[in-house]
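Asks: Below is the file target_39.cif, with mmCIF, C-alpha atoms.
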```cif
data_upload
#
loop_
_atom_site.group_PDB
_atom_site.id
_atom_site.type_symbol
_atom_site.label_atom_id
_atom_site.label_comp_id
_atom_site.auth_asym_id
_atom_site.auth_seq_id
_atom_site.Cartn_x
_atom_site.Cartn_y
_atom_site.Cartn_z
ATOM 1 C CA MET A 24 -22.057 -8.062 8.312
ATOM 2 C CA ASP A 25 -18.774 -7.314 10.071
ATOM 3 C CA PHE A 26 -17.037 -9.813 7.754
ATOM 4 C CA LEU A 27 -18.296 -7.921 4.680
ATOM 5 C CA LEU A 28 -17.079 -4.616 6.110
ATOM 6 C CA ARG A 29 -13.653 -6.041 6.999
ATOM 7 C CA PHE A 30 -13.332 -7.832 3.661
ATOM 8 C CA GLY A 31 -14.404 -4.676 1.836
ATOM 9 C CA ARG A 32 -11.892 -2.642 3.796
ATOM 10 C CA VAL A 33 -8.937 -4.910 3.003
ATOM 11 C CA SER A 34 -10.014 -5.308 -0.618
ATOM 12 C CA GLY A 35 -10.528 -1.559 -0.964
ATOM 13 C CA ILE A 36 -7.074 -0.778 0.358
ATOM 14 C CA ALA A 37 -5.655 -3.264 -2.152
ATOM 15 C CA ALA A 38 -7.733 -1.780 -4.998
ATOM 16 C CA GLY A 39 -6.700 1.769 -4.152
ATOM 17 C CA ALA A 40 -3.035 0.858 -3.834
ATOM 18 C CA LEU A 41 -3.145 -1.070 -7.131
ATOM 19 C CA ILE A 42 -4.500 2.066 -8.814
ATOM 20 C CA ALA A 43 -2.390 4.733 -7.109
ATOM 21 C CA VAL A 44 1.050 3.129 -6.865
ATOM 22 C CA PRO A 45 1.459 1.843 -10.458
ATOM 23 C CA GLY A 46 -0.171 5.014 -11.795
ATOM 24 C CA THR A 47 2.356 7.123 -9.920
ATOM 25 C CA ILE A 48 5.269 4.951 -11.061
ATOM 26 C CA GLU A 49 4.128 5.377 -14.668
ATOM 27 C CA ALA A 50 4.749 9.134 -14.359
ATOM 28 C CA PHE A 51 8.454 8.290 -14.289
ATOM 29 C CA THR A 52 8.723 5.063 -16.278
ATOM 30 C CA GLY A 53 5.766 5.031 -18.646
ATOM 31 C CA GLU A 54 3.659 1.901 -18.806
ATOM 32 C CA THR A 55 5.609 -1.237 -17.950
ATOM 33 C CA THR A 56 4.670 -4.889 -17.770
ATOM 34 C CA LEU A 57 4.435 -4.748 -13.981
ATOM 35 C CA THR A 58 2.353 -1.548 -13.799
ATOM 36 C CA SER A 59 0.075 -2.835 -16.531
ATOM 37 C CA VAL A 60 -0.572 -6.104 -14.680
ATOM 38 C CA LEU A 61 -1.192 -4.373 -11.342
ATOM 39 C CA ILE A 62 -3.643 -1.858 -12.784
ATOM 40 C CA ALA A 63 -5.411 -4.639 -14.719
ATOM 41 C CA VAL A 64 -6.222 -6.603 -11.557
ATOM 42 C CA SER A 65 -7.189 -3.618 -9.392
ATOM 43 C CA PRO A 66 -10.921 -3.617 -10.325
ATOM 44 C CA THR A 67 -11.244 -7.149 -8.955
ATOM 45 C CA PHE A 68 -10.648 -5.856 -5.449
ATOM 46 C CA ALA A 69 -13.136 -2.998 -5.831
ATOM 47 C CA PHE A 70 -16.267 -5.188 -5.822
ATOM 48 C CA PRO A 71 -16.090 -6.124 -2.119
ATOM 49 C CA LEU A 72 -15.340 -2.475 -1.307
ATOM 50 C CA LEU A 73 -18.419 -1.244 -3.176
ATOM 51 C CA THR A 74 -20.584 -3.717 -1.284
ATOM 52 C CA ALA A 75 -19.132 -2.652 2.063
ATOM 53 C CA LEU A 76 -19.531 1.050 1.229
ATOM 54 C CA TYR A 77 -23.130 0.486 0.199
ATOM 55 C CA LEU A 78 -23.932 -1.515 3.344
ATOM 56 C CA THR A 79 -22.405 1.205 5.486
ATOM 57 C CA GLN A 80 -24.475 4.012 3.989
ATOM 58 C CA ARG A 81 -27.618 2.285 2.724
ATOM 59 C CA HIS A 82 -29.891 3.597 5.470
ATOM 60 C CA ARG A 83 -28.956 7.228 4.843
ATOM 61 C CA ALA A 84 -28.497 7.361 1.065
ATOM 62 C CA GLY A 85 -32.177 7.146 0.155
ATOM 63 C CA LYS A 86 -33.147 5.870 -3.294
ATOM 64 C CA LEU A 87 -29.859 7.144 -4.698
ATOM 65 C CA GLY A 88 -27.982 4.470 -2.718
ATOM 66 C CA PRO A 89 -29.285 1.322 -4.425
ATOM 67 C CA ALA A 90 -29.389 3.010 -7.849
ATOM 68 C CA GLY A 91 -25.804 4.219 -7.490
ATOM 69 C CA TYR A 92 -24.610 0.869 -6.162
ATOM 70 C CA ALA A 93 -26.273 -1.087 -8.988
ATOM 71 C CA ALA A 94 -24.966 1.247 -11.696
ATOM 72 C CA ASN A 95 -21.481 1.291 -10.200
ATOM 73 C CA VAL A 96 -21.246 -2.505 -9.886
ATOM 74 C CA ILE A 97 -22.405 -3.026 -13.474
ATOM 75 C CA GLY A 98 -20.150 -0.241 -14.751
ATOM 76 C CA LEU A 99 -17.198 -1.595 -12.786
ATOM 77 C CA GLY A 100 -17.775 -5.043 -14.262
ATOM 78 C CA LEU A 101 -17.784 -3.650 -17.788
ATOM 79 C CA PHE A 102 -14.950 -1.166 -17.356
ATOM 80 C CA GLY A 103 -12.933 -3.552 -15.179
ATOM 81 C CA GLY A 104 -13.108 -6.111 -17.984
ATOM 82 C CA ALA A 105 -12.073 -3.443 -20.468
ATOM 83 C CA ALA A 106 -9.145 -2.364 -18.272
ATOM 84 C CA PHE A 107 -8.094 -5.988 -17.919
ATOM 85 C CA ALA A 108 -8.190 -6.512 -21.693
ATOM 86 C CA LEU A 109 -6.398 -3.258 -22.488
ATOM 87 C CA ASN A 110 -3.670 -3.762 -19.899
ATOM 88 C CA LEU A 111 -3.109 -7.491 -20.357
ATOM 89 C CA VAL A 112 -3.978 -8.101 -24.001
ATOM 90 C CA VAL A 113 -3.676 -4.927 -26.060
ATOM 91 C CA PHE A 114 -0.590 -3.718 -24.160
ATOM 92 C CA PHE A 115 1.287 -6.946 -24.863
ATOM 93 C CA THR A 116 0.178 -7.364 -28.467
ATOM 94 C CA GLY A 117 0.666 -3.718 -29.331
ATOM 95 C CA GLY A 118 -2.377 -3.892 -31.558
ATOM 96 C CA THR A 119 -5.188 -1.467 -32.073
ATOM 97 C CA PRO A 120 -8.614 -2.840 -31.188
ATOM 98 C CA PRO A 121 -11.079 -3.102 -34.098
ATOM 99 C CA THR A 122 -13.932 -0.597 -34.390
ATOM 100 C CA GLN A 123 -16.491 -2.898 -32.740
ATOM 101 C CA THR A 124 -14.210 -3.341 -29.736
ATOM 102 C CA ARG A 125 -13.581 0.395 -29.461
ATOM 103 C CA ILE A 126 -17.354 1.022 -29.489
ATOM 104 C CA ALA A 127 -17.861 -1.593 -26.769
ATOM 105 C CA LEU A 128 -15.068 -0.023 -24.722
ATOM 106 C CA LEU A 129 -16.640 3.427 -25.055
ATOM 107 C CA CYS A 130 -20.005 2.036 -23.959
ATOM 108 C CA SER A 131 -18.377 0.421 -20.925
ATOM 109 C CA VAL A 132 -16.757 3.757 -20.076
ATOM 110 C CA ALA A 133 -20.145 5.489 -20.296
ATOM 111 C CA VAL A 134 -21.834 2.991 -17.956
ATOM 112 C CA PHE A 135 -18.881 3.112 -15.561
ATOM 113 C CA CYS A 136 -18.935 6.917 -15.497
ATOM 114 C CA ALA A 137 -22.668 7.011 -14.795
ATOM 115 C CA GLY A 138 -22.164 4.470 -12.010
ATOM 116 C CA VAL A 139 -19.305 6.245 -10.260
ATOM 117 C CA LEU A 140 -21.096 9.585 -10.430
ATOM 118 C CA LEU A 141 -24.335 8.145 -9.014
ATOM 119 C CA PHE A 142 -22.579 6.183 -6.300
ATOM 120 C CA GLY A 143 -20.329 9.128 -5.481
ATOM 121 C CA ALA A 144 -23.442 11.298 -5.130
ATOM 122 C CA SER A 145 -24.956 8.713 -2.770
ATOM 123 C CA LEU A 146 -21.765 8.765 -0.657
ATOM 124 C CA VAL A 147 -21.999 12.546 -0.385
ATOM 125 C CA LYS A 148 -25.736 12.475 0.325
ATOM 126 C CA ALA A 149 -25.425 9.862 3.077
ATOM 127 C CA ARG A 150 -22.562 11.690 4.845
ATOM 128 C CA VAL A 151 -21.612 8.504 6.666
ATOM 129 C CA LEU A 152 -18.027 8.346 5.414
ATOM 130 C CA PRO A 153 -15.455 11.171 5.225
ATOM 131 C CA LEU A 154 -16.617 13.957 2.934
ATOM 132 C CA VAL A 155 -13.363 14.628 1.017
ATOM 133 C CA PRO A 156 -12.937 11.125 -0.475
ATOM 134 C CA SER A 157 -16.704 10.863 -0.938
ATOM 135 C CA ILE A 158 -16.656 14.023 -3.054
ATOM 136 C CA ALA A 159 -13.495 12.971 -4.914
ATOM 137 C CA TYR A 160 -14.705 9.450 -5.737
ATOM 138 C CA GLY A 161 -17.073 10.198 -8.638
ATOM 139 C CA PRO A 162 -15.161 12.955 -10.451
ATOM 140 C CA ALA A 163 -11.782 11.226 -10.014
ATOM 141 C CA PHE A 164 -12.936 7.975 -11.593
ATOM 142 C CA PHE A 165 -14.960 9.819 -14.229
ATOM 143 C CA ALA A 166 -11.839 11.703 -15.320
ATOM 144 C CA LEU A 167 -9.643 8.602 -15.024
ATOM 145 C CA ALA A 168 -11.969 6.609 -17.275
ATOM 146 C CA PHE A 169 -11.723 9.185 -20.040
ATOM 147 C CA ALA A 170 -8.002 9.709 -19.497
ATOM 148 C CA SER A 171 -7.406 5.986 -20.003
ATOM 149 C CA ARG A 172 -7.241 6.695 -23.735
ATOM 150 C CA LEU A 173 -4.458 9.241 -23.266
ATOM 151 C CA PRO A 174 -0.756 8.406 -23.199
ATOM 152 C CA ASP A 175 0.858 8.160 -19.773
ATOM 153 C CA SER A 176 1.606 11.613 -18.417
ATOM 154 C CA PRO A 177 1.767 13.465 -15.121
ATOM 155 C CA LEU A 178 -1.972 14.188 -15.594
ATOM 156 C CA THR A 179 -2.946 10.521 -15.895
ATOM 157 C CA SER A 180 -0.612 9.624 -13.019
ATOM 158 C CA GLY A 181 -2.211 12.335 -10.888
ATOM 159 C CA LEU A 182 -5.663 10.973 -11.683
ATOM 160 C CA HIS A 183 -4.543 7.462 -10.700
ATOM 161 C CA LEU A 184 -3.176 8.854 -7.445
ATOM 162 C CA LEU A 185 -6.361 10.845 -6.715
ATOM 163 C CA ALA A 186 -8.735 7.966 -7.516
ATOM 164 C CA GLY A 187 -6.632 5.365 -5.693
ATOM 165 C CA GLY A 188 -6.207 7.693 -2.728
ATOM 166 C CA ALA A 189 -9.974 8.263 -2.479
ATOM 167 C CA VAL A 190 -10.585 4.506 -2.577
ATOM 168 C CA CYS A 191 -7.956 3.826 0.107
ATOM 169 C CA TRP A 192 -9.339 6.601 2.326
ATOM 170 C CA LEU A 193 -12.901 5.289 2.015
ATOM 171 C CA ALA A 194 -11.700 1.744 2.693
ATOM 172 C CA VAL A 195 -9.764 2.768 5.794
ATOM 173 C CA ALA A 196 -12.824 4.699 7.015
ATOM 174 C CA LEU A 197 -14.785 1.443 6.931
ATOM 175 C CA GLY A 198 -12.660 0.273 9.868
ATOM 176 C CA ASN A 199 -14.287 2.966 11.989
ATOM 177 C CA ARG A 200 -17.725 1.767 10.871
ATOM 178 C CA ALA A 201 -17.464 -1.943 11.771
ATOM 179 C CA GLY A 202 -20.518 -2.890 13.758
ATOM 180 C CA SER A 203 -22.347 0.319 12.852
ATOM 181 C CA ALA A 204 -23.815 -0.600 9.474
ATOM 182 C CA ALA A 205 -27.228 -1.066 11.057
ATOM 183 C CA PRO A 206 -29.607 1.861 11.083
ATOM 184 C CA ALA A 207 -29.348 4.219 14.012
ATOM 185 C CA SER A 208 -32.265 4.144 16.421
#
```
Take the structure I supplied and represent it as structure tokens, if you would.

Replies:
Amino acid sequence: MDFLLRFGRVSGIAAGALIAVPGTIEAFTGETTLTSVLIAVSPTFAFPLLTALYLTQRHRAGKLGPAGYAANVIGLGLFGGAAFALNLVVFFTGGTPPTQTRIALLCSVAVFCAGVLLFGASLVKARVLPLVPSIAYGPAFFALAFASRLPDSPLTSGLHLLAGGAVCWLAVALGNRAGSAAPAS
């Protein structure tokens, strides 16, 4: 179990940094090849973090915990794939996705948003991890998912910074939880 918490922590810090840093840079440069690549791979590192967060809080989150975890993992898979395609395919081809693809992308956003809100609510309910990033997690990613269709701006950069910061904070907090993922007696 300690391995999963440590792996989740390191992966979460990477995921948060790969969201926050390129997003902040884009406030000044707009989307570049480098920022596009970094943001595209960031969801990959979020999966181990989600597992570690769930394991840390599972005994205090009630039924909301497994439901939020399941919805968030599925949503992250869908939206992570969409982010990968948009940042590494559409960005470089400059094309506009066909209608069917846009519908699929919107559906992936909807599932992702439901997942982050449910999982964020389970983080708040469990009160195992720091409250500020737990509260910020759901709304920050919800807003970021919808802002992904907007052109780069200080707003979208701020959302990247907020979401990435919440992820990093939660990941760092896992370091304080190593060895304590078992239920309290």

Asks: Which residues are near A:Ala84? Cut-off 8 Å, all atoms listed in the file, ignore same chain within fewer than 2 positions. Put them as a compact mmCIF listing (two decimals) with C-alpha atoms, in the coordinates of the input.

Replies:
```
# COMPACT_ATOMS: atom_id res chain seq x y z
CA GLN A 80 -24.48 4.01 3.99
CA ARG A 81 -27.62 2.28 2.72
CA HIS A 82 -29.89 3.60 5.47
CA LYS A 86 -33.15 5.87 -3.29
CA LEU A 87 -29.86 7.14 -4.70
CA GLY A 88 -27.98 4.47 -2.72
CA SER A 145 -24.96 8.71 -2.77
CA LEU A 146 -21.76 8.76 -0.66
CA LYS A 148 -25.74 12.48 0.32
CA ALA A 149 -25.42 9.86 3.08
```

Asks: Residues at most 12 Å from A:Ala108, counting only C-alpha atoms, excluding those fewer than 6 positions away in the same chain, as a list of chain:residue names?

Replies: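 In the requested form, the answer reads A:Ser59, A:Val60, A:Ile62, A:Ala63, A:Val64, A:Leu101, A:Phe102, A:Phe114, A:Phe115, A:Thr116, A:Gly118, A:Thr119, A:Pro120, A:Thr124, A:Arg125, A:Ala127, A:Leu128.
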
Asks: Interatomic distance between atom CA of A:Gly138 and atom CA of A:Ala94?

Replies: 4.3 Å

Asks: Pick out the closest residue to A:Ala105 from this set: A:Thr47, A:Thr55, A:Gly39, A:Ser171. Count only C-alpha atoms.

Replies: A:Ser171

Asks: I need every residue sitting at most 10 Å from the point (-8.6, 1.0, -1.2) (coordinates as in the file, only C-alpha atoms considered), written as an MDAnalysis selection string.

Replies: chainID A and resid 31:43 65 68:69 72 186:196
